[in-house]
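Structure data follow from input34.csv (CSV, C-alpha atoms and all ligand atoms):
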```csv
chain,number,residue,atom,x,y,z
A,1,MET,CA,-16.6,7.3,23.9
A,2,LYS,CA,-13.5,8.7,22.4
A,3,TYR,CA,-15.3,10.3,19.4
A,4,LYS,CA,-18.6,12.1,19.4
A,5,ARG,CA,-19.2,12.3,15.6
A,6,VAL,CA,-17.5,10.0,13.1
A,7,LEU,CA,-17.6,9.5,9.4
A,8,LEU,CA,-17.4,5.9,8.4
A,9,LYS,CA,-16.2,5.1,4.9
A,10,LEU,CA,-17.2,1.7,3.5
A,11,SER,CA,-16.0,0.5,0.1
A,12,GLY,CA,-18.6,-0.9,-2.3
A,13,GLU,CA,-16.5,-4.1,-2.5
A,14,SER,CA,-16.9,-4.7,1.2
A,15,LEU,CA,-20.6,-5.2,0.7
A,16,MET,CA,-19.9,-8.1,-1.6
A,17,GLY,CA,-19.0,-10.3,1.3
A,18,ASP,CA,-18.4,-13.8,-0.1
A,19,HIS,CA,-20.2,-13.0,-3.3
A,20,GLN,CA,-18.4,-12.2,-6.6
A,21,TYR,CA,-20.4,-9.1,-7.2
A,22,GLY,CA,-23.4,-7.2,-5.8
A,23,ILE,CA,-24.5,-7.1,-2.2
A,24,ASP,CA,-24.3,-9.8,0.5
A,25,PRO,CA,-27.3,-9.4,2.9
A,26,LYS,CA,-25.3,-11.1,5.7
A,27,ARG,CA,-22.6,-8.5,5.4
A,28,LEU,CA,-25.2,-5.7,5.6
A,29,GLU,CA,-26.6,-7.3,8.8
A,30,GLN,CA,-23.1,-7.6,10.3
A,31,TYR,CA,-22.3,-3.9,9.6
A,32,THR,CA,-25.7,-2.9,11.0
A,33,ASP,CA,-24.8,-4.7,14.3
A,34,GLU,CA,-21.4,-3.0,14.4
A,35,ILE,CA,-22.9,0.5,13.7
A,36,LYS,CA,-25.8,0.0,16.1
A,37,SER,CA,-23.6,-1.0,18.9
A,38,VAL,CA,-21.7,2.3,18.9
A,39,HIS,CA,-24.7,4.4,17.9
A,40,ASP,CA,-26.6,3.1,21.0
A,41,LEU,CA,-23.8,4.6,23.1
A,42,GLY,CA,-24.4,8.0,21.7
A,43,VAL,CA,-21.9,8.3,18.8
A,44,GLU,CA,-23.2,10.3,15.9
A,45,ILE,CA,-22.5,8.4,12.7
A,46,ALA,CA,-22.3,9.6,9.1
A,47,ILE,CA,-21.5,7.0,6.4
A,48,VAL,CA,-20.1,7.3,2.9
A,49,ILE,CA,-20.4,4.2,0.8
A,50,GLY,CA,-18.5,3.4,-2.4
A,51,GLY,CA,-19.8,1.7,-5.5
A,52,GLY,CA,-16.9,-0.5,-6.7
A,53,ASN,CA,-19.0,-3.7,-6.3
A,54,ILE,CA,-21.2,-2.4,-9.0
A,55,PHE,CA,-19.4,0.1,-11.2
A,56,ARG,CA,-16.3,2.2,-11.4
A,57,GLY,CA,-15.8,5.1,-13.7
A,58,VAL,CA,-12.3,4.0,-14.8
A,59,GLN,CA,-13.8,0.6,-16.0
A,60,ALA,CA,-16.1,2.5,-18.3
A,61,GLU,CA,-13.3,3.7,-20.5
A,62,ALA,CA,-12.2,0.2,-21.3
A,63,SER,CA,-15.7,-0.6,-22.5
A,64,GLY,CA,-15.9,2.5,-24.7
A,65,ILE,CA,-18.0,4.5,-22.3
A,66,ASP,CA,-17.0,8.1,-21.9
A,67,ARG,CA,-15.2,8.7,-18.5
A,68,VAL,CA,-17.6,11.3,-17.3
A,69,GLN,CA,-20.6,9.2,-18.2
A,70,GLY,CA,-18.9,6.3,-16.4
A,71,ASP,CA,-18.3,8.3,-13.3
A,72,TYR,CA,-21.9,9.3,-13.1
A,73,MET,CA,-22.8,5.6,-13.5
A,74,GLY,CA,-20.4,4.9,-10.5
A,75,MET,CA,-22.1,7.6,-8.5
A,76,LEU,CA,-25.5,6.0,-9.2
A,77,ALA,CA,-24.0,2.7,-8.1
A,78,THR,CA,-23.2,4.2,-4.7
A,79,VAL,CA,-26.8,5.2,-4.3
A,80,ILE,CA,-27.9,1.6,-4.8
A,81,ASN,CA,-25.5,0.5,-2.1
A,82,ALA,CA,-26.6,3.4,0.1
A,83,MET,CA,-30.3,2.3,-0.2
A,84,ALA,CA,-29.4,-1.3,0.7
A,85,LEU,CA,-27.5,-0.1,3.7
A,86,GLN,CA,-30.3,2.3,4.7
A,87,SER,CA,-32.8,-0.6,4.6
A,88,ALA,CA,-30.5,-2.8,6.7
A,89,LEU,CA,-30.0,-0.1,9.3
A,90,GLU,CA,-33.7,0.6,9.5
A,91,LYS,CA,-34.5,-3.0,9.9
A,92,GLY,CA,-32.0,-3.0,12.7
A,93,GLY,CA,-34.0,-0.3,14.5
A,94,LEU,CA,-31.9,2.8,13.6
A,95,TYR,CA,-33.3,6.0,12.2
A,96,THR,CA,-31.6,7.0,9.1
A,97,ARG,CA,-31.5,9.6,6.3
A,98,LEU,CA,-30.0,9.2,2.9
A,99,MET,CA,-28.6,12.4,1.4
A,100,SER,CA,-27.4,12.5,-2.2
A,101,GLY,CA,-24.8,14.5,-4.1
A,102,ILE,CA,-27.1,14.2,-7.1
A,103,LYS,CA,-30.7,15.3,-6.8
A,104,MET,CA,-33.1,12.3,-6.7
A,105,GLU,CA,-36.2,13.6,-5.0
A,106,GLN,CA,-38.1,10.4,-5.0
A,107,VAL,CA,-35.3,8.5,-3.4
A,108,CYS,CA,-33.5,10.7,-1.0
A,109,GLU,CA,-32.8,14.2,0.2
A,110,PRO,CA,-30.2,16.4,-1.5
A,111,PHE,CA,-27.1,17.0,0.5
A,112,ILE,CA,-27.5,20.2,2.5
A,113,LYS,CA,-24.8,20.6,5.1
A,114,ARG,CA,-27.1,22.2,7.8
A,115,ARG,CA,-29.7,19.5,7.4
A,116,ALA,CA,-27.0,16.8,7.6
A,117,VAL,CA,-25.8,18.2,10.9
A,118,ARG,CA,-29.3,18.5,12.2
A,119,HIS,CA,-30.0,14.8,11.4
A,120,LEU,CA,-26.8,13.8,13.2
A,121,GLU,CA,-27.7,15.9,16.2
A,122,LYS,CA,-31.1,14.1,16.3
A,123,GLY,CA,-29.4,10.8,16.3
A,124,ARG,CA,-30.1,9.7,12.8
A,125,VAL,CA,-27.5,7.8,10.9
A,126,VAL,CA,-26.8,9.9,7.8
A,127,ILE,CA,-25.7,8.1,4.6
A,128,PHE,CA,-24.1,10.2,1.9
A,129,GLY,CA,-24.8,8.7,-1.5
A,130,ALA,CA,-23.8,9.7,-5.1
A,131,GLY,CA,-20.3,10.8,-3.9
A,132,ILE,CA,-19.6,14.5,-4.2
A,133,GLY,CA,-21.9,14.6,-7.3
A,134,ASN,CA,-19.0,15.4,-9.6
A,135,PRO,CA,-17.0,13.2,-11.9
A,136,TYR,CA,-13.2,12.6,-11.4
A,137,PHE,CA,-13.7,12.2,-7.7
A,138,THR,CA,-13.9,9.1,-5.5
A,139,THR,CA,-15.9,8.2,-2.5
A,140,ASP,CA,-12.7,8.5,-0.4
A,141,SER,CA,-12.7,12.2,-1.4
A,142,THR,CA,-16.3,12.3,-0.6
A,143,ALA,CA,-15.6,10.9,2.9
A,144,SER,CA,-13.0,13.5,3.6
A,145,LEU,CA,-15.0,16.4,2.3
A,146,ARG,CA,-18.3,15.5,4.0
A,147,ALA,CA,-16.4,14.8,7.3
A,148,ILE,CA,-14.9,18.3,7.2
A,149,GLU,CA,-18.3,19.8,6.3
A,150,VAL,CA,-20.2,18.1,9.1
A,151,GLN,CA,-17.2,18.6,11.5
A,152,ALA,CA,-16.7,14.9,12.2
A,153,ASP,CA,-13.9,14.1,14.7
A,154,ILE,CA,-12.4,11.5,12.5
A,155,VAL,CA,-12.7,9.5,9.2
A,156,LEU,CA,-12.9,5.8,9.8
A,157,LYS,CA,-11.9,3.9,6.7
A,158,GLY,CA,-13.2,0.4,7.0
A,159,THR,CA,-11.3,-2.0,4.7
A,160,ARG,CA,-10.5,-5.7,4.6
A,161,VAL,CA,-6.9,-5.1,5.8
A,162,ASP,CA,-6.4,-4.2,9.4
A,163,GLY,CA,-4.4,-1.1,8.9
A,164,VAL,CA,-1.5,0.5,7.0
A,165,TYR,CA,1.5,-1.7,6.3
A,166,THR,CA,5.1,-1.1,5.2
A,167,ALA,CA,4.2,-3.0,2.1
A,168,ASP,CA,1.1,-4.8,0.7
A,169,PRO,CA,0.6,-7.6,3.3
A,170,GLU,CA,-1.3,-9.7,0.7
A,171,LYS,CA,1.9,-9.8,-1.4
A,172,ASP,CA,4.8,-9.3,1.0
A,173,ALA,CA,5.0,-11.6,4.1
A,174,THR,CA,7.6,-9.4,5.8
A,175,ALA,CA,5.3,-6.3,5.8
A,176,THR,CA,4.6,-4.9,9.2
A,177,LYS,CA,1.7,-2.7,10.4
A,178,TYR,CA,2.0,0.9,11.6
A,179,SER,CA,-0.2,1.7,14.6
A,180,ASN,CA,0.4,5.5,14.2
A,181,LEU,CA,1.7,7.6,11.3
A,182,SER,CA,1.8,11.3,10.6
A,183,PHE,CA,0.4,12.6,7.3
A,184,GLN,CA,3.9,13.7,6.4
A,185,GLU,CA,5.4,10.2,7.0
A,186,ALA,CA,2.6,8.5,5.1
A,187,TYR,CA,3.2,10.9,2.2
A,188,GLU,CA,7.0,10.5,2.1
A,189,LYS,CA,6.8,6.8,2.3
A,190,GLY,CA,4.2,6.8,-0.5
A,191,LEU,CA,1.8,4.7,1.5
A,192,ASN,CA,-1.5,4.1,-0.2
A,193,ILE,CA,-4.1,5.2,2.3
A,194,MET,CA,-6.6,7.1,0.2
A,195,ASP,CA,-6.2,8.9,-3.2
A,196,MET,CA,-4.2,12.1,-3.0
A,197,THR,CA,-7.3,14.4,-3.2
A,198,ALA,CA,-8.9,12.7,-0.2
A,199,PHE,CA,-5.6,12.4,1.7
A,200,THR,CA,-4.7,16.1,1.2
A,201,LEU,CA,-8.1,17.3,2.3
A,202,CYS,CA,-7.7,15.5,5.6
A,203,GLN,CA,-4.2,16.7,6.1
A,204,GLU,CA,-4.9,20.3,5.4
A,205,ASN,CA,-7.9,20.3,7.7
A,206,ASN,CA,-6.3,18.4,10.5
A,207,LEU,CA,-8.8,15.6,10.2
A,208,PRO,CA,-7.4,12.3,11.5
A,209,ILE,CA,-8.0,9.0,9.7
A,210,ILE,CA,-8.1,5.5,11.1
A,211,VAL,CA,-7.7,2.6,8.6
A,212,PHE,CA,-9.2,-0.5,10.1
A,213,ASP,CA,-10.7,-3.9,9.4
A,214,MET,CA,-14.4,-3.4,9.4
A,215,ASN,CA,-15.0,-7.1,9.0
A,216,ARG,CA,-13.6,-8.0,12.4
A,217,PRO,CA,-16.5,-7.9,14.8
A,218,GLY,CA,-16.1,-5.4,17.6
A,219,ASN,CA,-13.5,-3.3,15.9
A,220,LEU,CA,-15.7,-0.2,15.5
A,221,MET,CA,-16.4,-0.4,19.3
A,222,ARG,CA,-12.7,-0.8,20.0
A,223,ILE,CA,-11.9,2.4,18.2
A,224,MET,CA,-14.7,4.2,20.1
A,225,ASN,CA,-13.2,3.0,23.3
A,226,GLY,CA,-9.8,4.4,22.3
A,227,GLU,CA,-8.2,1.0,21.9
A,228,THR,CA,-5.8,0.5,19.0
A,229,ALA,CA,-7.5,-1.2,16.1
A,230,GLY,CA,-5.9,-0.4,12.8
A,231,THR,CA,-3.6,2.5,11.9
A,232,LEU,CA,-4.2,6.1,13.0
A,233,ILE,CA,-2.9,8.9,10.7
A,234,ASN,CA,-2.8,12.3,12.2
B,1,LIG,N1,-17.5,8.7,-8.3
B,1,LIG,C1,-17.4,10.0,-8.9
B,1,LIG,N2,-17.5,11.1,-8.1
B,1,LIG,C2,-17.6,11.0,-6.7
B,1,LIG,C3,-17.7,9.7,-6.1
B,1,LIG,C4,-17.6,8.6,-7.0
B,1,LIG,O1,-17.3,10.2,-10.1
B,1,LIG,O2,-17.7,12.0,-6.0
B,1,LIG,C5,-17.6,7.6,-9.2
B,1,LIG,C6,-16.2,7.1,-9.7
B,1,LIG,O3,-16.4,6.6,-11.1
B,1,LIG,C7,-16.0,5.9,-8.8
B,1,LIG,C8,-17.3,5.3,-8.6
B,1,LIG,O4,-18.2,6.5,-8.5
B,1,LIG,O5,-15.1,5.0,-9.5
B,1,LIG,C9,-17.5,4.4,-7.4
B,1,LIG,O6,-16.9,5.0,-6.3
B,1,LIG,P1,-15.5,4.4,-5.7
B,1,LIG,O7,-14.7,3.8,-6.8
B,1,LIG,O8,-14.9,5.5,-4.8
B,1,LIG,O9,-16.1,3.2,-4.7
B,1,LIG,P2,-15.3,2.2,-3.8
B,1,LIG,O10,-13.9,2.0,-4.3
B,1,LIG,O11,-15.2,2.8,-2.4
B,1,LIG,O12,-16.1,1.0,-3.8
```
Translate the structure of the given file into structure tokens.
Amino acid sequence: MKYKRVLLKLSGESLMGDHQYGIDPKRLEQYTDEIKSVHDLGVEIAIVIGGGNIFRGVQAEASGIDRVQGDYMGMLATVINAMALQSALEKGGLYTRLMSGIKMEQVCEPFIKRRAVRHLEKGRVVIFGAGIGNPYFTTDSTASLRAIEVQADIVLKGTRVDGVYTADPEKDATATKYSNLSFQEAYEKGLNIMDMTAFTLCQENNLPIIVFDMNRPGNLMRIMNGETAGTLIN
């Protein structure tokens, strides 16, 4: 396997599948199969999951909710997704631990770096819920930070597009895909890969990112086999 320890970032929206909101159990099953296939070959997997399918802090302001309050609501939304994913993974026969950036003793462990690493070494899939635990951050930043903390080899950002394009492929038919980019190029071209906080964290810590289509079966395995799937930023 090309990578020994990876951090997989899944957006909340990806869990909606064909639904308009919430969580699609079929999608969870599909992700479980993908994750299990590479885990069975010995890859250590940590996962950060977003909450956009349920709540985003920036939406809160529009409805008169204070931004900070809204961000905490968003963080709690990620815990709901994380619990759903944890159930699906366990149903699929994987051992898992859910660690939260906000203390919730009845539901999950608090995030403690050393424990997270230990879980990974023991072959448990570790899910990081509640983001960093602070408002004004995103789950992309959480993915970068946790990946650095647990010394993952790479951040795998699963999206519904199959990589980074010269322009938005959903709007511009002439857009072409990059297979490889440097952080500097991505920055200069203003390509939207992650928010700046998340992007800079990766760049400053030499942590490569692959943006790929998580919904295409076998893609996670392709990446582990060193095949090109998506765009590599390093
Ligand atoms: N959030 C936060 N701090 C964090 C992570 C998340 O405040 O460390 C909040 C923020 O309001 C965000 C929401 O949680 O909008 C859901 O996360 P995100 O939007 O990153 O989810 P995704 O877009 O990946 O579904």
field: Atom-to-atom span, atom CA of Ser14 of chain A and atom CA of Ser141 of chain A, Å
entry: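 The value is 17.6 Å.
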Near-Ala77 of chain A list (10 Å; all atoms listed in the file; drop same-chain fewer than 5 positions) as a CSV table (one decimal) with C-alpha atoms, in the coordinates of the input:
```
chain,number,residue,atom,x,y,z
A,12,GLY,CA,-18.6,-0.9,-2.3
A,49,ILE,CA,-20.4,4.2,0.8
A,50,GLY,CA,-18.5,3.4,-2.4
A,51,GLY,CA,-19.8,1.7,-5.5
A,52,GLY,CA,-16.9,-0.5,-6.7
A,53,ASN,CA,-19.0,-3.7,-6.3
A,54,ILE,CA,-21.2,-2.4,-9.0
A,55,PHE,CA,-19.4,0.1,-11.2
A,56,ARG,CA,-16.3,2.2,-11.4
A,71,ASP,CA,-18.3,8.3,-13.3
A,72,TYR,CA,-21.9,9.3,-13.1
A,82,ALA,CA,-26.6,3.4,0.1
A,129,GLY,CA,-24.8,8.7,-1.5
A,130,ALA,CA,-23.8,9.7,-5.1
A,131,GLY,CA,-20.3,10.8,-3.9
```
message: Rounded to one decimal, what separation in Å do you get between atom O7 of ligand LIG 1 (chain B) and atom CA of Asp153 of chain A?
response: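 Going from atom O7 of ligand LIG 1 (chain B) over to atom CA of Asp153 of chain A covers 23.9 Å.
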Just want the residues within 10 Å of ligand LIG 1 (chain B), written as a PDB file with C-alpha atoms, keeping the file's coordinate frame, counting all atoms listed in the file.
```pdb
ATOM      1  CA  LYS A   9     -16.200   5.100   4.900  1.00  0.00           C
ATOM      2  CA  LEU A  10     -17.200   1.700   3.500  1.00  0.00           C
ATOM      3  CA  SER A  11     -16.000   0.500   0.100  1.00  0.00           C
ATOM      4  CA  GLY A  12     -18.600  -0.900  -2.300  1.00  0.00           C
ATOM      5  CA  GLU A  13     -16.500  -4.100  -2.500  1.00  0.00           C
ATOM      6  CA  SER A  14     -16.900  -4.700   1.200  1.00  0.00           C
ATOM      7  CA  LEU A  15     -20.600  -5.200   0.700  1.00  0.00           C
ATOM      8  CA  VAL A  48     -20.100   7.300   2.900  1.00  0.00           C
ATOM      9  CA  ILE A  49     -20.400   4.200   0.800  1.00  0.00           C
ATOM     10  CA  GLY A  50     -18.500   3.400  -2.400  1.00  0.00           C
ATOM     11  CA  GLY A  51     -19.800   1.700  -5.500  1.00  0.00           C
ATOM     12  CA  GLY A  52     -16.900  -0.500  -6.700  1.00  0.00           C
ATOM     13  CA  ASN A  53     -19.000  -3.700  -6.300  1.00  0.00           C
ATOM     14  CA  ILE A  54     -21.200  -2.400  -9.000  1.00  0.00           C
ATOM     15  CA  PHE A  55     -19.400   0.100 -11.200  1.00  0.00           C
ATOM     16  CA  ARG A  56     -16.300   2.200 -11.400  1.00  0.00           C
ATOM     17  CA  GLY A  57     -15.800   5.100 -13.700  1.00  0.00           C
ATOM     18  CA  VAL A  58     -12.300   4.000 -14.800  1.00  0.00           C
ATOM     19  CA  GLN A  59     -13.800   0.600 -16.000  1.00  0.00           C
ATOM     20  CA  ALA A  60     -16.100   2.500 -18.300  1.00  0.00           C
ATOM     21  CA  ARG A  67     -15.200   8.700 -18.500  1.00  0.00           C
ATOM     22  CA  VAL A  68     -17.600  11.300 -17.300  1.00  0.00           C
ATOM     23  CA  GLN A  69     -20.600   9.200 -18.200  1.00  0.00           C
ATOM     24  CA  GLY A  70     -18.900   6.300 -16.400  1.00  0.00           C
ATOM     25  CA  ASP A  71     -18.300   8.300 -13.300  1.00  0.00           C
ATOM     26  CA  TYR A  72     -21.900   9.300 -13.100  1.00  0.00           C
ATOM     27  CA  MET A  73     -22.800   5.600 -13.500  1.00  0.00           C
ATOM     28  CA  GLY A  74     -20.400   4.900 -10.500  1.00  0.00           C
ATOM     29  CA  MET A  75     -22.100   7.600  -8.500  1.00  0.00           C
ATOM     30  CA  LEU A  76     -25.500   6.000  -9.200  1.00  0.00           C
ATOM     31  CA  ALA A  77     -24.000   2.700  -8.100  1.00  0.00           C
ATOM     32  CA  THR A  78     -23.200   4.200  -4.700  1.00  0.00           C
ATOM     33  CA  VAL A  79     -26.800   5.200  -4.300  1.00  0.00           C
ATOM     34  CA  ASN A  81     -25.500   0.500  -2.100  1.00  0.00           C
ATOM     35  CA  GLY A 101     -24.800  14.500  -4.100  1.00  0.00           C
ATOM     36  CA  ILE A 102     -27.100  14.200  -7.100  1.00  0.00           C
ATOM     37  CA  GLY A 129     -24.800   8.700  -1.500  1.00  0.00           C
ATOM     38  CA  ALA A 130     -23.800   9.700  -5.100  1.00  0.00           C
ATOM     39  CA  GLY A 131     -20.300  10.800  -3.900  1.00  0.00           C
ATOM     40  CA  ILE A 132     -19.600  14.500  -4.200  1.00  0.00           C
ATOM     41  CA  GLY A 133     -21.900  14.600  -7.300  1.00  0.00           C
ATOM     42  CA  ASN A 134     -19.000  15.400  -9.600  1.00  0.00           C
ATOM     43  CA  PRO A 135     -17.000  13.200 -11.900  1.00  0.00           C
ATOM     44  CA  TYR A 136     -13.200  12.600 -11.400  1.00  0.00           C
ATOM     45  CA  PHE A 137     -13.700  12.200  -7.700  1.00  0.00           C
ATOM     46  CA  THR A 138     -13.900   9.100  -5.500  1.00  0.00           C
ATOM     47  CA  THR A 139     -15.900   8.200  -2.500  1.00  0.00           C
ATOM     48  CA  ASP A 140     -12.700   8.500  -0.400  1.00  0.00           C
ATOM     49  CA  SER A 141     -12.700  12.200  -1.400  1.00  0.00           C
ATOM     50  CA  THR A 142     -16.300  12.300  -0.600  1.00  0.00           C
ATOM     51  CA  ALA A 143     -15.600  10.900   2.900  1.00  0.00           C
ATOM     52  CA  LEU A 145     -15.000  16.400   2.300  1.00  0.00           C
ATOM     53  CA  LYS A 157     -11.900   3.900   6.700  1.00  0.00           C
ATOM     54  CA  GLY A 158     -13.200   0.400   7.000  1.00  0.00           C
ATOM     55  CA  THR A 159     -11.300  -2.000   4.700  1.00  0.00           C
ATOM     56  CA  MET A 194      -6.600   7.100   0.200  1.00  0.00           C
ATOM     57  CA  ASP A 195      -6.200   8.900  -3.200  1.00  0.00           C
TER      58      ASP A 195
END
```
message: So that I can see what lies close to Ser182 of chain A, please list as a ChimeraX atom specification the residues with an atom at most 7 Å from it, counting all atoms listed in the file and leaving out residues fewer than 4 positions away in the same chain.
response: /A:186,233-234
- request: Could you check how far atom CA of Arg97 of chain A sits from atom CA of Val126 of chain A, in Å to one decimal?
  value: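 Answer for the atom CA of Arg97 of chain A to atom CA of Val126 of chain A separation: 4.9 Å.
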message: So that I can see what lies close to segment 214-220 of chain A, please list as a PyMOL selection string the residues with an atom at most 7 Å from it, counting only C-alpha atoms and leaving out residues fewer than 3 positions away in the same chain.
response: chain A and resi 34+158-160+223-224+229
- request: Determine the nearest neighbour of Thr200 of chain A from the options A:Gly163, A:Ser144, A:Asp24, A:Glu227, counting only C-alpha atoms.
  value: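 Of the candidates, the smallest distance to Thr200 of chain A is held by A:Ser144.
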- line: If you count all atoms listed in the file, the residue of A:Ile80, A:Gln203, A:Ile193, A:Thr231 closest to Lys177 of chain A turns out to be A:Thr231
Which residue of A:Pro208, A:Val161, A:Ala84, A:Asn192 approaches Lys26 of chain A most closely, using all atoms listed in the file: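 Among the listed residues, the smallest separation from Lys26 of chain A belongs to A:Ala84.
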message: My list of candidates is A:Thr174, A:Lys36, A:Leu7, A:Pro169. Which is closest to Leu207 of chain A when distances are computed with only C-alpha atoms?
response: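 Checking each candidate against Leu207 of chain A, we get A:Leu7 as the closest.
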